[in-house]
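First comes the structure, then the notes that go with it.
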Amino acid sequence: MEATDKETAGQEAEEEPEEGRCPAVTISELRESYLYGRRGITRGAVQHELIVRIIKKSHLMYYGRTDRNCECPYKAVLEVNDRTGNVWVVLWNSVCVSWYRCLKPGDIISLRRYRVKQHYQAELNDIEISVNSRNPAARISVLQESTVSSDSLPPAPTYSFYNRYMILFAHEDSTQTLRAVFPKLFEPRHIFHIRKITKHTTKQKCHKNHFY
């Protein structure tokens, strides 16, 4: 996806700088303004651009009820970070449906026209960022790292996720490192199981497409 905005409410795209992009506000500033200040910048819809990196993405959640009329009763939660901390971003309704498959851990995104709210678990005394298609219509952009100022670039994750299939067919150097860290994943019974599943899946695909 390009670094331009994907419109969620039919708004016209604004020109954005191609490089050296800096956020207008940070996570810590939003948190301090909402929890400890007078909610100056967090009062109502926040227009200030927030640039963050996605760390985790929840599964898609359905919250529809028979007594409520909602066209897209879905939500998803993203854990994001910048250089000042982490926060939860909640994608609601049509924004969630439009963006859920487009966003993945590691992506850098720009957010505008969002609301800062009390975290749904009130006992945590923290905030969450609500991104919706109306009241207000949020603006989301996926950015390339090269377009963000090095001083404002959100830190990269310090970990990666591998499934057994990826480990089995990983590069030799990577495999040796992973074998040292996760020796149990390389036990013969696990590798045999993966190869058996892979062989069975390939056979099913060939049969379906009449390749033999």
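Each chain in the structure tokens gets a letter, A, B, ..., in the order shown, and its residues are numbered from 1; ligands are numbered from 1 in order too.
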
*Leaving out Ala24 (chain A) and any residue of its chain fewer than 4 positions from it, which residues lie within 10 Å of it when counting only C-alpha atoms, given as number ranges by chain?*
A: 47-51, 112

*Quick one: pick out all strand (DSSP E or B) residues within region 59-100 of chain A from a backbone DSSP run and write them as a PyMOL selection string.*
chain A and resi 61-62+74-82+85-92

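Between CA of Trp88 (chain A) and CA of Lys57 (chain A) lies a distance of 9.9 Å.
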
*What does the distance from CA of Arg53 (chain A) to CA of Val80 (chain A) come to in Å, to one decimal?*
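Distance reported for this atom pair: 5.3 Å.
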
*Check the smallest atom-to-atom distance from each of A:Glu19, A:Glu32, A:Glu145, A:Glu128 to Val89 (chain A) using only C-alpha atoms, then report the winner.*
A:Glu128

Write out as a compact mmCIF listing (two decimals) with N, CA and C atoms, in the first residue's frame all residues of region 12-76 of chain A that backbone DSSP assigns to helix (DSSP H, G or I).
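states13.txt, freshly written:
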# COMPACT_ATOMS: atom_id res chain seq x y z
N ILE A 27 2.32 9.75 21.93
CA ILE A 27 1.46 8.97 22.82
C ILE A 27 1.52 9.51 24.24
N SER A 28 2.70 9.82 24.71
CA SER A 28 2.83 10.32 26.09
C SER A 28 2.11 11.65 26.26
N GLU A 29 2.13 12.51 25.25
CA GLU A 29 1.43 13.79 25.33
C GLU A 29 -0.08 13.59 25.40
N LEU A 30 -0.58 12.63 24.61
CA LEU A 30 -2.02 12.32 24.66
C LEU A 30 -2.39 11.77 26.02
N ARG A 31 -1.57 10.88 26.55
CA ARG A 31 -1.86 10.26 27.85
C ARG A 31 -1.84 11.30 28.96
N GLU A 32 -0.82 12.12 28.97
CA GLU A 32 -0.71 13.14 30.03
C GLU A 32 -1.84 14.16 29.93
N SER A 33 -2.20 14.55 28.70
CA SER A 33 -3.27 15.53 28.54
C SER A 33 -4.60 14.98 29.03
N TYR A 34 -4.87 13.70 28.75
CA TYR A 34 -6.16 13.12 29.12
C TYR A 34 -6.23 12.77 30.60
N LEU A 35 -5.18 12.17 31.12
CA LEU A 35 -5.23 11.67 32.50
C LEU A 35 -4.85 12.71 33.54

_Could you list, as a VMD selection string, every residue within 12 Å of region 98-107 of chain A, counting only C-alpha atoms and ignoring same-chain residues fewer than 5 positions away?_
chain A and resid 1 to 3 5 to 9 51 to 61 72 74 to 82 90 to 93 131 to 133 138 to 145 153 to 161
